[in-house]
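Working notes, structure below.
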Amino acid sequence: MDVTETTLPGVGLRYEFDLAQGDRLGVVARRGGDFEVVLYSENDPDRARPVFRLIEEEAEALAQILGAPRIAERYADLTREVPGLSAGQVDVAPKSPYAERPLGDTKARTRTGASIVAIVRDEQVLASPGPEEVLRAGDVLVVIGTDDGIAGVQDIVAQG
Amino acid sequence: MEISAALLLELGVIFTVLTVLGTAARRFALSPIPLYLVAGLALGEGGLAPIPAANEFVEAGATIGVVLLLLTLGLEFSISEFAGSLRRHLPSAWVDVALNATPGAIAGWLLGLNGVGILALAGVTYISSSGVIARLLDDLDRLGNRESPAVLSVLVLEDFAMAAYLPLLAVLAAGGSLLNALLGVAIAMTALTAAFVTSYRWGHHLGRLLAHPDDEQLMLRILGLTLTVAALAEFIHASAAVGAFLVGLTLTGETADRARQVLTPLRDLFAAVFFVAIGLSVAPSSLVPMLPAALVLALVTTATKIWTGQFAARRDGVARRGQWRAGTALVARGEFSLVIIGLVGVSSAAIGAVATPYVFILAVLGPVLARFADRS
């Protein structure tokens, strides 16, 4: 997909791309951390119609909603090239025995052969987490392995 | 410590009047700057209410106001944005100078001003108000528009041109020879280059040196540095304003972001004092004979700014309506035209009489025109 990036001197950056349904979408990223989302109408493609404004936290929340599934998808693209390998997401429930315990305690790799390649926590993604990384309730683990392996990690995180 | 009740009362009344005027201006989505000028005109000798006790404070505050205006301008500035604007819009910048400085220079010559006066008036008609216009684009939801990068690029290049222009004017206004003036410009340009290199290579070090988690500490450090550099610049006749701009340039990244937050209220306060001081320095009686000249000059340079904006927007492939929007957006003149008036105010009184009403007219007309362009 073609995303056009334009500098707005003194203000920030603007990104634009065409939507499949026909309109053109623009996002103004301001230096202060706020965002404006605009649409370009067809009769005057130079004039932006404001859609909504987001303050920094709202933008982060939206990015998380849109972004988290995409991370697993990206790994899915990667694993498609190796037969038998797949990627999955495992939620750390508040009741999980491993919430507030280091990732290494799960011994997930030794027990299932599947690897935890990333932890999605709030708005950030911890890539290649080490065994000392403490898991928290609400974390989403991105797991790569065989289907059985991923199911195994799911069981371990849920029941120990 | 003796507390002067008269000083407090006069300042209190001034600020109250300013807030009433500012609220009124904002209600109609106009810039409050012209109203601050009128407030200044109404005060002082020959006006409605003399302010003997606050005079000294207003004068000192005006100096700080100029320094803070330029410091925050420098903080907004980023090298990559400047380079990008230069690459894309250098021809627009030339068109801008040729179309908008020339009417000012001709008017200055026709009015019989001296060389400094002509140069100053050319600057007054050239420089658009980046403060007023940036706010205008935001208020009118135009940041997403295709013509906005062209408008903002023209503003960035204008602001940068000020860094060479102000020291030239400062030295000439102080009675220096042309050679002295060029020396002043050379010093300023060297310092500017040094500031660019510093900010590019060691900006984060300087930032770390000044950074402090406490807002109060950060503000004191930046003000201390800025005022010292501004004083040094003034001492070598390169203009305090340019010194402050340089400090703003060298600060980058997180320190610059926080500095902007901490300094903005302070800048708003002292800039308002500066606008009042400009109004104060002009005798109302001297304005009347200059009004027709100011009006004609305003109309001519409205047209030339519109052409400039249309030219710049056309370069970005914007269609007719967008070109018109870009043109009208650039019309507003404001704080920097006033900085120029303040700089030469002492050596050439006539320029204040013509340039103050000129800025007043365009600071009102610019936003109105821009709004009107949106409707059509």
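Chain lettering (A, B, ...) mirrors the order of the structure tokens, residue numbering begins at 1 for each chain separately, and ligand numbering begins at 1 in order of display.
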field: Surrounding residues of segment 4-14 of chain A excluding itself and chain neighbours under 6 positions, 8 Å, only C-alpha atoms, as a ChimeraX atom specification
entry: /A:26-31 /B:76-78,81-82,84-85,144,148-149,152-153,156
- prompt: So which residues of chain A fall under strand (DSSP E) by DSSP, listed as a ChimeraX atom specification?
  reply: /A:4-8,12-18,24-30,35-40,48-54,86-91,115-121,124-127,140-145
task: Could you find all residues in segment 31-157 of chain A that DSSP calls alpha helix (DSSP H) from the backbone, and write them as a ChimeraX atom specification?
output: /A:56-79,108-112,147-157
For the residues in that selection, give me N, CA and C atoms as a short mmCIF file (atom, residue, chain, number, x, y, z; two decimals), in the first residue's frame.
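Result file is result_19.cif:
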data_model
loop_
_atom_site.label_atom_id
_atom_site.label_comp_id
_atom_site.auth_asym_id
_atom_site.auth_seq_id
_atom_site.Cartn_x
_atom_site.Cartn_y
_atom_site.Cartn_z
N GLU A 56 -3.17 12.20 22.85
CA GLU A 56 -2.15 11.17 22.81
C GLU A 56 -2.65 9.81 23.33
N GLU A 57 -3.31 9.79 24.50
CA GLU A 57 -3.74 8.51 25.08
C GLU A 57 -4.78 7.82 24.19
N GLU A 58 -5.67 8.64 23.63
CA GLU A 58 -6.71 8.06 22.77
C GLU A 58 -6.09 7.43 21.53
N ALA A 59 -5.09 8.13 20.99
CA ALA A 59 -4.42 7.60 19.80
C ALA A 59 -3.73 6.28 20.13
N GLU A 60 -3.14 6.21 21.34
CA GLU A 60 -2.47 4.98 21.73
C GLU A 60 -3.46 3.84 21.89
N ALA A 61 -4.62 4.16 22.49
CA ALA A 61 -5.65 3.14 22.65
C ALA A 61 -6.10 2.62 21.29
N LEU A 62 -6.31 3.55 20.36
CA LEU A 62 -6.77 3.15 19.03
C LEU A 62 -5.70 2.31 18.32
N ALA A 63 -4.45 2.74 18.47
CA ALA A 63 -3.36 2.01 17.82
C ALA A 63 -3.28 0.59 18.37
N GLN A 64 -3.53 0.47 19.66
CA GLN A 64 -3.47 -0.86 20.29
C GLN A 64 -4.56 -1.77 19.74
N ILE A 65 -5.76 -1.17 19.61
CA ILE A 65 -6.88 -1.96 19.08
C ILE A 65 -6.58 -2.42 17.66
N LEU A 66 -6.07 -1.49 16.85
CA LEU A 66 -5.80 -1.82 15.46
C LEU A 66 -4.53 -2.62 15.31
N GLY A 67 -3.60 -2.43 16.23
CA GLY A 67 -2.25 -2.97 16.02
C GLY A 67 -2.02 -4.36 16.56
N ALA A 68 -2.61 -4.72 17.72
CA ALA A 68 -2.26 -5.98 18.37
C ALA A 68 -2.51 -7.21 17.50
N PRO A 69 -3.69 -7.32 16.87
CA PRO A 69 -3.90 -8.51 16.03
C PRO A 69 -2.93 -8.54 14.85
N ARG A 70 -2.51 -7.36 14.41
CA ARG A 70 -1.66 -7.30 13.23
C ARG A 70 -0.27 -7.87 13.51
N ILE A 71 0.16 -7.77 14.77
CA ILE A 71 1.49 -8.27 15.09
C ILE A 71 1.52 -9.79 14.91
N ALA A 72 0.49 -10.45 15.43
CA ALA A 72 0.41 -11.90 15.25
C ALA A 72 0.29 -12.25 13.77
N GLU A 73 -0.47 -11.40 13.03
CA GLU A 73 -0.62 -11.65 11.60
C GLU A 73 0.72 -11.59 10.88
N ARG A 74 1.53 -10.61 11.31
CA ARG A 74 2.82 -10.45 10.66
C ARG A 74 3.68 -11.70 10.89
N TYR A 75 3.61 -12.23 12.11
CA TYR A 75 4.35 -13.47 12.38
C TYR A 75 3.75 -14.61 11.58
N ALA A 76 2.42 -14.54 11.39
CA ALA A 76 1.75 -15.58 10.60
C ALA A 76 2.28 -15.60 9.17
N ASP A 77 2.50 -14.38 8.62
CA ASP A 77 3.08 -14.29 7.28
C ASP A 77 4.44 -14.98 7.24
N LEU A 78 5.18 -14.74 8.32
CA LEU A 78 6.54 -15.29 8.41
C LEU A 78 6.52 -16.81 8.46
N THR A 79 5.59 -17.35 9.27
CA THR A 79 5.58 -18.79 9.50
C THR A 79 5.02 -19.56 8.31
N ALA A 108 8.12 -22.88 29.04
CA ALA A 108 7.27 -23.21 27.91
C ALA A 108 8.06 -23.84 26.76
N ARG A 109 9.23 -23.32 26.51
CA ARG A 109 10.00 -23.83 25.37
C ARG A 109 10.45 -25.27 25.60
N THR A 110 10.93 -25.54 26.82
CA THR A 110 11.37 -26.89 27.14
C THR A 110 10.21 -27.88 27.09
N ARG A 111 9.04 -27.45 27.56
CA ARG A 111 7.92 -28.38 27.68
C ARG A 111 7.15 -28.56 26.39
N THR A 112 7.12 -27.52 25.51
CA THR A 112 6.27 -27.63 24.32
C THR A 112 7.05 -27.49 23.01
N ASP A 147 1.16 -26.41 15.90
CA ASP A 147 -0.16 -26.17 16.49
C ASP A 147 -0.26 -26.78 17.87
N ASP A 148 0.28 -28.00 18.03
CA ASP A 148 0.25 -28.66 19.34
C ASP A 148 1.03 -27.86 20.36
N GLY A 149 2.19 -27.37 19.93
CA GLY A 149 3.03 -26.59 20.83
C GLY A 149 2.31 -25.35 21.34
N ILE A 150 1.63 -24.66 20.39
CA ILE A 150 0.91 -23.43 20.79
C ILE A 150 -0.20 -23.77 21.77
N ALA A 151 -0.93 -24.85 21.48
CA ALA A 151 -1.99 -25.29 22.39
C ALA A 151 -1.40 -25.62 23.76
N GLY A 152 -0.19 -26.23 23.74
CA GLY A 152 0.48 -26.56 25.00
C GLY A 152 0.79 -25.32 25.82
N VAL A 153 1.30 -24.27 25.15
CA VAL A 153 1.61 -23.03 25.86
C VAL A 153 0.33 -22.45 26.46
N GLN A 154 -0.75 -22.54 25.67
CA GLN A 154 -2.04 -22.04 26.14
C GLN A 154 -2.42 -22.73 27.46
N ASP A 155 -2.30 -24.05 27.50
CA ASP A 155 -2.64 -24.82 28.70
C ASP A 155 -1.74 -24.42 29.87
N ILE A 156 -0.43 -24.33 29.59
CA ILE A 156 0.51 -24.00 30.67
C ILE A 156 0.16 -22.66 31.29
N VAL A 157 -0.06 -21.64 30.42
CA VAL A 157 -0.33 -20.29 30.93
C VAL A 157 -1.65 -20.27 31.69
#
Skip Val92 of chain A itself and residues of its chain fewer than 5 positions away, then list as a PDB file with N, CA and C atoms, in the first residue's frame all residues within 6 Å of it, counting only C-alpha atoms.
ATOM      1  N   ALA A 137      -0.943  -9.831  34.204  1.00  0.00           N
ATOM      2  CA  ALA A 137      -2.302 -10.133  33.755  1.00  0.00           C
ATOM      3  C   ALA A 137      -2.655  -9.156  32.642  1.00  0.00           C
ATOM      4  N   GLY A 138      -3.249  -9.657  31.564  1.00  0.00           N
ATOM      5  CA  GLY A 138      -3.610  -8.795  30.444  1.00  0.00           C
ATOM      6  C   GLY A 138      -2.587  -8.821  29.328  1.00  0.00           C
ATOM      7  N   ASP A 139      -1.404  -9.363  29.589  1.00  0.00           N
ATOM      8  CA  ASP A 139      -0.412  -9.502  28.533  1.00  0.00           C
ATOM      9  C   ASP A 139      -0.925 -10.446  27.458  1.00  0.00           C
TER      10      ASP A 139
END
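Distances to Arg88 of chain B were evaluated for B:Glu335, B:Asp316, B:Asp374, B:Asp268 using only C-alpha atoms, and the minimum falls at B:Asp316.
Our summary of the geometry notes that atom CA of Arg146 of chain B is positioned 14.8 Å from atom CA of Thr328 of chain B.
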field: Long-range neighbours of segment 342-358 of chain B as a list in words, 8 Å cut-off, only C-alpha atoms, 3 positions minimum in chain
entry: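 Close residues of segment 342-358 of chain B: Leu37, Leu113, Val116, Gly117, Ala120, Leu121, Val124, Leu169, Ala170, Ala173, Ala174, Ile278, Gly279, Ser281, Val282, Ala283, Ser286, Leu287, Met290, Leu291, Ala293, Ala294, Leu295, Leu297, Ala298, Leu338, Val339, Ile361 and Leu362 of chain B.
When atom CA of Ser128 of chain A is paired with atom CA of Gln159 of chain A, their separation reads 23.5 Å.
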task: Work out how far atom CA of Gln310 of chain B is from atom CA of Gln323 of chain B, in Å to one decimal.
output: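 Atom CA of Gln310 of chain B lies 4.4 Å from atom CA of Gln323 of chain B.
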task: Write out as a list in words which residues come within 12 Å of Leu126 of chain A when counting only C-alpha atoms, dropping same-chain ones fewer than 4 positions away.
output: Ala68, Ile71, Ile116, Val117, Ala118, Ile119, Val120, Arg121, Asp122, Gly130, Glu133, Val134, Leu135, Asp139, Val140, Leu141 and Val142 of chain A
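Among the candidates A:Gly22, A:Ala127, A:Glu36, A:Phe17, the one nearest to chain B when counting only C-alpha atoms is A:Glu36.
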Excluding same-chain residues fewer than 5 positions from Ala329 of chain B, what lies within 9 Å of it counting only C-alpha atoms, as a PDB file with C-alpha atoms, in the first residue's frame?
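Here's the written file around.pdb:
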ATOM      1  CA  ILE B 133      -1.299  31.961  10.496  1.00  0.00           C
ATOM      2  CA  LEU B 136      -5.550  30.180  11.780  1.00  0.00           C
ATOM      3  CA  LEU B 137      -4.820  26.954   9.879  1.00  0.00           C
ATOM      4  CA  VAL B 151       1.928  27.802   3.298  1.00  0.00           C
ATOM      5  CA  LYS B 305       0.765  37.966  -0.612  1.00  0.00           C
ATOM      6  CA  ILE B 306      -2.191  36.248  -2.259  1.00  0.00           C
ATOM      7  CA  GLY B 309       0.531  31.879  -1.782  1.00  0.00           C
ATOM      8  CA  TRP B 324      -6.765  30.866  -3.262  1.00  0.00           C
ATOM      9  CA  GLY B 366      -5.803  38.507   7.044  1.00  0.00           C
ATOM     10  CA  PRO B 367      -7.840  36.133   9.237  1.00  0.00           C
ATOM     11  CA  LEU B 369     -10.049  36.969   4.288  1.00  0.00           C
ATOM     12  CA  ALA B 370      -8.838  33.454   5.105  1.00  0.00           C
ATOM     13  CA  ARG B 371     -12.175  32.630   6.696  1.00  0.00           C
ATOM     14  CA  ALA B 373     -11.961  31.950   1.334  1.00  0.00           C
TER      15      ALA B 373
END
- line: Of A:Glu42, A:Glu100, A:Glu132, A:Glu16, the one sitting nearest chain B when using only C-alpha atoms is A:Glu16
